[in-house]
file upload_6.cif (mmCIF, C-alpha atoms)
data_work
loop_
_atom_site.label_atom_id
_atom_site.label_comp_id
_atom_site.auth_asym_id
_atom_site.auth_seq_id
_atom_site.Cartn_x
_atom_site.Cartn_y
_atom_site.Cartn_z
CA MET A 291 19.43 -31.62 43.38
CA THR A 292 17.02 -32.53 40.60
CA VAL A 293 18.40 -34.08 37.45
CA VAL A 294 16.74 -32.71 34.33
CA GLY A 295 16.06 -35.62 32.01
CA TRP A 296 14.80 -35.65 28.42
CA ARG A 297 11.15 -35.92 29.46
CA THR A 298 11.38 -33.00 31.89
CA TRP A 299 13.28 -30.86 29.38
CA ARG A 300 10.75 -31.68 26.64
CA ASP A 301 7.84 -30.83 28.93
CA ARG A 302 9.53 -27.54 29.83
CA ARG A 303 9.87 -26.69 26.14
CA GLY A 304 6.11 -27.15 25.88
CA ARG A 305 6.08 -28.85 22.49
CA ARG A 306 6.94 -32.15 20.95
CA ARG A 307 7.76 -32.81 17.28
CA PRO A 308 6.09 -35.95 15.98
CA ASN A 309 7.93 -38.63 14.04
CA LEU A 310 6.75 -37.74 10.54
CA VAL A 311 5.49 -41.22 9.62
CA ASP A 312 4.56 -43.04 12.80
CA GLY A 313 2.78 -40.15 14.51
CA GLU A 314 4.83 -40.38 17.69
CA TRP A 315 8.27 -38.92 18.42
CA ARG A 316 11.31 -41.12 18.79
CA TRP A 317 14.94 -40.86 17.84
CA SER A 318 15.97 -43.18 15.06
CA PHE A 319 19.32 -43.70 13.42
CA ALA A 320 19.65 -45.35 10.04
CA ARG A 321 16.32 -47.13 10.22
CA HIS A 322 16.11 -49.03 6.90
CA GLN A 323 12.82 -48.90 5.00
CA PRO A 324 12.69 -50.81 1.68
CA ILE A 325 9.72 -49.55 -0.40
CA PRO A 326 8.24 -52.07 -2.88
CA ASP A 327 7.55 -51.21 -6.51
CA ALA A 328 3.97 -50.28 -7.45
CA GLN A 329 3.76 -52.74 -10.35
CA GLU A 330 6.07 -55.53 -9.18
CA PRO A 331 5.86 -55.70 -5.37
CA ASP A 332 8.65 -58.29 -5.21
CA ARG A 333 11.07 -55.62 -6.58
CA THR A 334 12.36 -52.72 -4.50
CA TYR A 335 11.53 -49.27 -5.85
CA LEU A 336 13.39 -47.34 -3.14
CA ASP A 337 15.71 -48.14 -0.25
CA ARG A 338 15.49 -45.52 2.47
CA TRP A 339 17.67 -45.05 5.54
CA ARG A 340 16.01 -42.62 7.90
CA PHE A 341 17.62 -40.43 10.55
CA ASP A 342 15.14 -38.62 12.83
CA THR A 343 16.22 -35.91 15.26
CA PRO A 344 14.34 -33.23 17.19
CA LEU A 345 15.40 -30.79 14.46
CA GLY A 346 13.98 -32.74 11.52
CA SER A 347 14.50 -35.78 9.34
CA VAL A 348 17.29 -36.73 6.96
CA PHE A 349 16.94 -39.62 4.53
CA LEU A 350 19.52 -41.44 2.45
CA HIS A 351 17.71 -42.78 -0.62
CA ALA A 352 18.73 -45.35 -3.19
CA ILE A 353 16.13 -44.88 -5.95
CA ARG A 354 16.14 -48.15 -7.89
CA LEU A 355 13.20 -47.52 -10.25
CA PRO A 356 11.29 -44.46 -11.48
CA ASP A 357 7.86 -43.74 -9.97
CA ARG A 358 5.59 -46.24 -11.69
CA ASP A 359 2.28 -44.97 -10.38
CA PRO A 360 0.69 -43.08 -13.27
CA ASP A 361 -0.20 -40.08 -11.09
CA PRO A 362 2.18 -37.52 -9.55
CA HIS A 363 2.54 -37.27 -5.77
CA THR A 364 3.10 -34.71 -3.03
CA HIS A 365 5.23 -34.91 0.12
CA PRO A 366 4.08 -34.38 3.73
CA PHE A 367 6.74 -31.77 4.55
CA SER A 368 6.57 -27.97 4.65
CA TRP A 369 9.78 -28.04 2.58
CA SER A 370 12.42 -30.53 1.51
CA ARG A 371 15.64 -30.64 -0.45
CA SER A 372 17.10 -33.59 -2.32
CA LEU A 373 20.82 -33.47 -3.09
CA ILE A 374 21.75 -35.85 -5.90
CA LEU A 375 24.85 -37.75 -4.79
CA LYS A 376 25.25 -40.33 -7.57
CA GLY A 377 23.29 -41.12 -10.73
CA GLY A 378 20.50 -38.86 -11.91
CA TYR A 379 16.82 -38.67 -12.75
CA THR A 380 14.20 -36.84 -14.78
CA GLU A 381 11.01 -35.67 -13.13
CA GLU A 382 7.72 -34.26 -14.33
CA ARG A 383 6.23 -31.45 -12.26
CA GLY A 384 2.67 -30.28 -11.97
CA PRO A 385 -0.60 -32.22 -11.91
CA TYR A 386 -0.49 -32.57 -15.70
CA ALA A 387 3.33 -32.83 -16.15
CA GLU A 388 3.62 -29.23 -17.35
CA GLU A 389 7.35 -29.05 -16.60
CA VAL A 390 10.24 -31.51 -17.01
CA ARG A 391 13.42 -31.21 -14.94
CA ARG A 392 16.65 -33.22 -15.06
CA TYR A 393 18.89 -33.73 -12.05
CA ARG A 394 22.47 -35.06 -11.97
CA PRO A 395 25.08 -35.32 -9.19
CA GLY A 396 25.59 -32.10 -7.26
CA ARG A 397 22.18 -30.63 -8.16
CA VAL A 398 19.56 -29.90 -5.53
CA ASN A 399 15.87 -30.57 -6.10
CA ARG A 400 13.77 -28.09 -4.08
CA ILE A 401 10.44 -29.63 -3.14
CA HIS A 402 7.94 -27.29 -1.49
CA HIS A 403 4.77 -28.18 0.42
CA ASP A 404 2.67 -27.77 -2.72
CA THR A 405 5.04 -29.43 -5.23
CA VAL A 406 3.42 -32.17 -7.32
CA HIS A 407 5.93 -34.38 -9.12
CA ARG A 408 6.84 -37.80 -10.43
CA ILE A 409 10.25 -39.31 -11.29
CA VAL A 410 9.84 -40.66 -14.81
CA ARG A 411 13.38 -41.79 -15.68
CA THR A 412 16.57 -42.75 -13.87
CA ARG A 413 20.03 -42.83 -15.43
CA GLY A 414 21.16 -46.36 -16.16
CA ASP A 415 20.65 -49.60 -14.29
CA ARG A 416 22.27 -48.42 -11.08
CA PRO A 417 20.45 -46.75 -8.18
CA VAL A 418 20.27 -42.97 -7.87
CA TRP A 419 21.63 -41.94 -4.47
CA THR A 420 20.18 -38.83 -2.83
CA LEU A 421 20.39 -37.09 0.52
CA PHE A 422 16.85 -35.88 1.30
CA ILE A 423 16.38 -33.32 4.08
CA ALA A 424 12.86 -32.56 5.26
CA GLY A 425 11.29 -29.77 7.29
CA SER A 426 8.33 -30.11 9.60
CA PRO A 427 5.10 -31.76 8.41
CA HIS A 428 2.57 -29.38 6.85
CA GLY A 429 -0.52 -31.26 8.01
CA ARG A 430 -1.97 -32.51 4.74
CA GLY A 431 0.15 -35.63 4.50
CA TRP A 432 1.50 -37.49 1.52
CA GLY A 433 -0.79 -38.01 -1.45
CA PHE A 434 -1.38 -38.20 -5.17
CA VAL A 435 -3.05 -35.84 -7.63
CA VAL A 436 -5.57 -37.68 -9.80
CA ASP A 437 -7.27 -35.66 -12.55
CA GLY A 438 -6.40 -32.44 -10.69
CA ARG A 439 -7.78 -33.69 -7.33
CA TYR A 440 -5.69 -34.48 -4.22
CA VAL A 441 -6.11 -38.07 -2.95
CA ASP A 442 -4.58 -39.22 0.35
CA HIS A 443 -1.92 -41.91 -0.18
CA LYS A 444 -3.81 -44.55 1.86
CA GLU A 445 -6.92 -44.17 -0.27
CA TYR A 446 -4.88 -44.11 -3.47
CA LEU A 447 -2.81 -47.17 -2.63
CA ALA A 448 -5.87 -49.12 -1.46
CA GLY A 449 -7.41 -48.56 -4.91
CA ARG A 450 -4.30 -49.67 -6.80
CA ASP A 451 -4.87 -52.58 -9.19
CA PRO A 452 -2.69 -55.48 -7.93
CA SER A 453 -2.05 -56.63 -11.51
CA GLY A 454 -0.25 -53.35 -12.20
CA ASP A 455 -2.79 -52.30 -14.86
CA ARG A 456 -2.13 -48.58 -15.27
CA SER A 457 -5.59 -47.93 -16.69
CA THR A 458 -7.18 -48.63 -13.29
CA ARG A 459 -5.37 -46.27 -10.99
CA GLY A 460 -5.86 -44.67 -7.67
CA PRO A 461 -9.17 -44.80 -5.85
CA GLN A 462 -11.95 -46.48 -7.75
CA SER A 463 -15.13 -44.48 -8.14
CA ARG A 464 -18.20 -45.90 -6.45
CA PRO A 465 -21.70 -45.89 -7.87
CA LYS A 466 -24.10 -43.41 -6.25
CA GLY A 467 -25.59 -44.78 -3.06
CA ALA A 468 -22.76 -47.30 -2.50
CA THR A 469 -21.19 -47.33 0.94
#

call {"tool": "encode", "arguments": {"input": "upload_6.cif", "output": "structure tokens"}}
result
Amino acid sequence: MTVVGWRTWRDRRGRRRPNLVDGEWRWSFARHQPIPDAQEPDRTYLDRWRFDTPLGSVFLHAIRLPDRDPDPHTHPFSWSRSLILKGGYTEERGPYAEEVRRYRPGRVNRIHHDTVHRIVRTRGDRPVWTLFIAGSPHGRGWGFVVDGRYVDHKEYLAGRDPSGDRSTRGPQSRPKGAT
């Protein structure tokens, strides 16, 4: 009698869902990821506890500060939902902040693959707690929209001014002919 293990079952299914950040699948339960602030790296902007399963990812977020990058960002998921558990926030939507939305406990923020947004205000000094559920990755990855143009997050963050000067943001333009 042959025992069907996880590897054999996965191979029989013929597909494998990647871990959305690391590029390789693995189960994870409550993996803690503190995210530093853009302007003050010694402060925590977001505490994230991540739960990965073969069906998708669920995140418990404690948002401690609003998004302090001057440009709005996208998410790497085909869809996602953020249920506000405690606290609240205000976000700007669109590459040029065309729309403003406010979220308080019990509300659900629907974030689609093409949503461009930025949290501009949180309620009070306490963290905003959210349950964030994400669908499969859409292939483009996470990024920022700078002057109407999509910029991959690695390029954007590499060009961030370490002093926190908001006037020098995102990727720095290079003179013609520079490599």

call {"tool": "atom_distance", "arguments": {"input": "upload_6.cif", "atom1": "atom CA of A:Thr343", "atom2": "atom CA of A:Val406"}}
result
26.2 Å

call {"tool": "resolve_selection", "arguments": {"input": "upload_6.cif", "expression": "the PyMOL selection byres ((chain A and resi 386) around 9)", "output": "PDB file with C-alpha atoms, keeping the file's coordinate frame"}}
result
ATOM      1  CA  ASP A 361      -0.200 -40.080 -11.090  1.00  0.00           C
ATOM      2  CA  PRO A 362       2.180 -37.520  -9.550  1.00  0.00           C
ATOM      3  CA  GLU A 382       7.720 -34.260 -14.330  1.00  0.00           C
ATOM      4  CA  ARG A 383       6.230 -31.450 -12.260  1.00  0.00           C
ATOM      5  CA  GLY A 384       2.670 -30.280 -11.970  1.00  0.00           C
ATOM      6  CA  PRO A 385      -0.600 -32.220 -11.910  1.00  0.00           C
ATOM      7  CA  ALA A 387       3.330 -32.830 -16.150  1.00  0.00           C
ATOM      8  CA  GLU A 388       3.620 -29.230 -17.350  1.00  0.00           C
ATOM      9  CA  GLU A 389       7.350 -29.050 -16.600  1.00  0.00           C
ATOM     10  CA  ASP A 437      -7.270 -35.660 -12.550  1.00  0.00           C
ATOM     11  CA  GLY A 438      -6.400 -32.440 -10.690  1.00  0.00           C
TER      12      GLY A 438
END

call {"tool": "atom_distance", "arguments": {"input": "upload_6.cif", "atom1": "atom CA of A:Tyr393", "atom2": "atom CA of A:Ile409"}}
result
10.3 Å

call {"tool": "resolve_selection", "arguments": {"input": "upload_6.cif", "expression": "the PyMOL selection byres ((chain A and resi 414) around 12)", "output": "PyMOL selection string"}}
result
chain A and resi 353-356+376-380+411-413+415-418

call {"tool": "resolve_selection", "arguments": {"input": "upload_6.cif", "expression": "the PyMOL selection byres ((chain A and resi 404) around 12)", "output": "PyMOL selection string"}}
result
chain A and resi 362-370+383-385+400-403+405-407+428-435+440

call {"tool": "atom_distance", "arguments": {"input": "upload_6.cif", "atom1": "atom CA of A:Ala328", "atom2": "atom CA of A:Arg371"}}
result
23.9 Å

call {"tool": "closest_residue", "arguments": {"input": "upload_6.cif", "among": "A:Arg321, A:Phe341, A:Arg408, A:Ser372", "to": "A:Arg358", "atoms": "only C-alpha atoms"}}
result
A:Arg408

call {"tool": "closest_residue", "arguments": {"input": "upload_6.cif", "among": "A:Arg397, A:His322, A:His351, A:Arg391", "to": "A:Leu373", "atoms": "only C-alpha atoms"}}
result
A:Arg397

call {"tool": "closest_residue", "arguments": {"input": "upload_6.cif", "among": "A:Leu375, A:Asp359, A:Pro395, A:Thr420", "to": "A:His443", "atoms": "all atoms listed in the file"}}
result
A:Asp359

call {"tool": "closest_residue", "arguments": {"input": "upload_6.cif", "among": "A:Leu421, A:Val398, A:Ile374, A:Ala448", "to": "A:Arg338", "atoms": "all atoms listed in the file"}}
result
A:Leu421

call {"tool": "closest_residue", "arguments": {"input": "upload_6.cif", "among": "A:Asp337, A:Glu381, A:Asp442, A:Asp342", "to": "A:Asp357", "atoms": "only C-alpha atoms"}}
result
A:Glu381

call {"tool": "decode", "arguments": {"input": "upload_6.cif", "residues": "stretch 373-460 of chain A", "atoms": "C-alpha atoms", "output": "PDB file, in the first residue's frame"}}
result
ATOM      1  CA  LEU A 373     -12.156  44.266   7.607  1.00  0.00           C
ATOM      2  CA  ILE A 374     -11.635  47.048  10.137  1.00  0.00           C
ATOM      3  CA  LEU A 375     -11.680  45.456  13.593  1.00  0.00           C
ATOM      4  CA  LYS A 376     -10.696  48.378  15.835  1.00  0.00           C
ATOM      5  CA  GLY A 377      -9.825  52.022  15.183  1.00  0.00           C
ATOM      6  CA  GLY A 378     -10.255  53.547  11.753  1.00  0.00           C
ATOM      7  CA  TYR A 379      -8.494  55.275   8.887  1.00  0.00           C
ATOM      8  CA  THR A 380      -8.932  57.636   5.964  1.00  0.00           C
ATOM      9  CA  GLU A 381      -7.517  56.717   2.581  1.00  0.00           C
ATOM     10  CA  GLU A 382      -7.016  58.519  -0.704  1.00  0.00           C
ATOM     11  CA  ARG A 383      -7.742  56.523  -3.852  1.00  0.00           C
ATOM     12  CA  GLY A 384      -6.488  57.009  -7.365  1.00  0.00           C
ATOM     13  CA  PRO A 385      -3.084  58.083  -8.677  1.00  0.00           C
ATOM     14  CA  TYR A 386      -3.920  61.721  -7.934  1.00  0.00           C
ATOM     15  CA  ALA A 387      -6.064  61.196  -4.771  1.00  0.00           C
ATOM     16  CA  GLU A 388      -9.316  61.741  -6.668  1.00  0.00           C
ATOM     17  CA  GLU A 389     -11.421  60.035  -3.991  1.00  0.00           C
ATOM     18  CA  VAL A 390     -11.326  60.030  -0.173  1.00  0.00           C
ATOM     19  CA  ARG A 391     -12.840  57.176   1.855  1.00  0.00           C
ATOM     20  CA  ARG A 392     -13.207  56.745   5.612  1.00  0.00           C
ATOM     21  CA  TYR A 393     -13.289  53.358   7.317  1.00  0.00           C
ATOM     22  CA  ARG A 394     -14.329  52.542  10.895  1.00  0.00           C
ATOM     23  CA  PRO A 395     -14.886  49.245  12.757  1.00  0.00           C
ATOM     24  CA  GLY A 396     -17.121  46.805  10.910  1.00  0.00           C
ATOM     25  CA  ARG A 397     -16.513  48.340   7.461  1.00  0.00           C
ATOM     26  CA  VAL A 398     -14.826  46.401   4.677  1.00  0.00           C
ATOM     27  CA  ASN A 399     -12.324  48.009   2.314  1.00  0.00           C
ATOM     28  CA  ARG A 400     -12.453  46.264  -1.085  1.00  0.00           C
ATOM     29  CA  ILE A 401      -9.080  46.458  -2.797  1.00  0.00           C
ATOM     30  CA  HIS A 402      -8.965  45.193  -6.385  1.00  0.00           C
ATOM     31  CA  HIS A 403      -5.917  44.328  -8.492  1.00  0.00           C
ATOM     32  CA  ASP A 404      -5.869  47.820 -10.005  1.00  0.00           C
ATOM     33  CA  THR A 405      -6.664  49.833  -6.840  1.00  0.00           C
ATOM     34  CA  VAL A 406      -4.197  52.641  -6.135  1.00  0.00           C
ATOM     35  CA  HIS A 407      -4.461  54.027  -2.609  1.00  0.00           C
ATOM     36  CA  ARG A 408      -2.722  55.539   0.386  1.00  0.00           C
ATOM     37  CA  ILE A 409      -3.783  55.685   4.060  1.00  0.00           C
ATOM     38  CA  VAL A 410      -3.479  59.349   5.001  1.00  0.00           C
ATOM     39  CA  ARG A 411      -4.910  59.418   8.536  1.00  0.00           C
ATOM     40  CA  THR A 412      -5.530  57.007  11.387  1.00  0.00           C
ATOM     41  CA  ARG A 413      -7.903  57.601  14.281  1.00  0.00           C
ATOM     42  CA  GLY A 414      -6.062  58.518  17.452  1.00  0.00           C
ATOM     43  CA  ASP A 415      -2.768  57.334  18.873  1.00  0.00           C
ATOM     44  CA  ARG A 416      -3.730  53.671  19.010  1.00  0.00           C
ATOM     45  CA  PRO A 417      -3.161  51.133  16.222  1.00  0.00           C
ATOM     46  CA  VAL A 418      -5.865  50.338  13.682  1.00  0.00           C
ATOM     47  CA  TRP A 419      -6.516  46.590  13.692  1.00  0.00           C
ATOM     48  CA  THR A 420      -7.600  44.961  10.436  1.00  0.00           C
ATOM     49  CA  LEU A 421      -8.138  41.454   9.117  1.00  0.00           C
ATOM     50  CA  PHE A 422      -6.790  41.461   5.547  1.00  0.00           C
ATOM     51  CA  ILE A 423      -7.720  38.558   3.255  1.00  0.00           C
ATOM     52  CA  ALA A 424      -5.934  38.232  -0.072  1.00  0.00           C
ATOM     53  CA  GLY A 425      -6.594  36.305  -3.260  1.00  0.00           C
ATOM     54  CA  SER A 426      -3.986  34.916  -5.602  1.00  0.00           C
ATOM     55  CA  PRO A 427      -1.173  37.136  -6.914  1.00  0.00           C
ATOM     56  CA  HIS A 428      -1.949  38.938 -10.179  1.00  0.00           C
ATOM     57  CA  GLY A 429       1.602  38.911 -11.518  1.00  0.00           C
ATOM     58  CA  ARG A 430       2.506  42.584 -11.470  1.00  0.00           C
ATOM     59  CA  GLY A 431       3.596  42.716  -7.860  1.00  0.00           C
ATOM     60  CA  TRP A 432       3.419  45.479  -5.312  1.00  0.00           C
ATOM     61  CA  GLY A 433       4.338  48.981  -6.403  1.00  0.00           C
ATOM     62  CA  PHE A 434       3.804  52.718  -6.309  1.00  0.00           C
ATOM     63  CA  VAL A 435       2.285  55.159  -8.789  1.00  0.00           C
ATOM     64  CA  VAL A 436       4.567  58.156  -9.331  1.00  0.00           C
ATOM     65  CA  ASP A 437       3.247  60.926 -11.591  1.00  0.00           C
ATOM     66  CA  GLY A 438       0.790  58.462 -13.145  1.00  0.00           C
ATOM     67  CA  ARG A 439       3.466  55.790 -13.819  1.00  0.00           C
ATOM     68  CA  TYR A 440       3.713  52.393 -12.077  1.00  0.00           C
ATOM     69  CA  VAL A 441       7.060  51.814 -10.293  1.00  0.00           C
ATOM     70  CA  ASP A 442       7.962  48.426  -8.781  1.00  0.00           C
ATOM     71  CA  HIS A 443       8.327  48.627  -4.986  1.00  0.00           C
ATOM     72  CA  LYS A 444      12.004  47.553  -5.022  1.00  0.00           C
ATOM     73  CA  GLU A 445      12.942  50.340  -7.416  1.00  0.00           C
ATOM     74  CA  TYR A 446      10.825  52.859  -5.507  1.00  0.00           C
ATOM     75  CA  LEU A 447      12.200  51.954  -2.089  1.00  0.00           C
ATOM     76  CA  ALA A 448      15.794  51.922  -3.370  1.00  0.00           C
ATOM     77  CA  GLY A 449      15.313  55.536  -4.497  1.00  0.00           C
ATOM     78  CA  ARG A 450      13.832  56.689  -1.190  1.00  0.00           C
ATOM     79  CA  ASP A 451      15.746  59.539   0.471  1.00  0.00           C
ATOM     80  CA  PRO A 452      17.045  58.191   3.815  1.00  0.00           C
ATOM     81  CA  SER A 453      16.573  61.605   5.447  1.00  0.00           C
ATOM     82  CA  GLY A 454      12.818  61.318   4.859  1.00  0.00           C
ATOM     83  CA  ASP A 455      12.765  64.369   2.557  1.00  0.00           C
ATOM     84  CA  ARG A 456       9.417  64.053   0.775  1.00  0.00           C
ATOM     85  CA  SER A 457      10.539  66.217  -2.134  1.00  0.00           C
ATOM     86  CA  THR A 458      12.935  63.487  -3.316  1.00  0.00           C
ATOM     87  CA  ARG A 459      10.709  60.478  -3.661  1.00  0.00           C
ATOM     88  CA  GLY A 460      10.680  57.201  -5.429  1.00  0.00           C
TER      89      GLY A 460
END
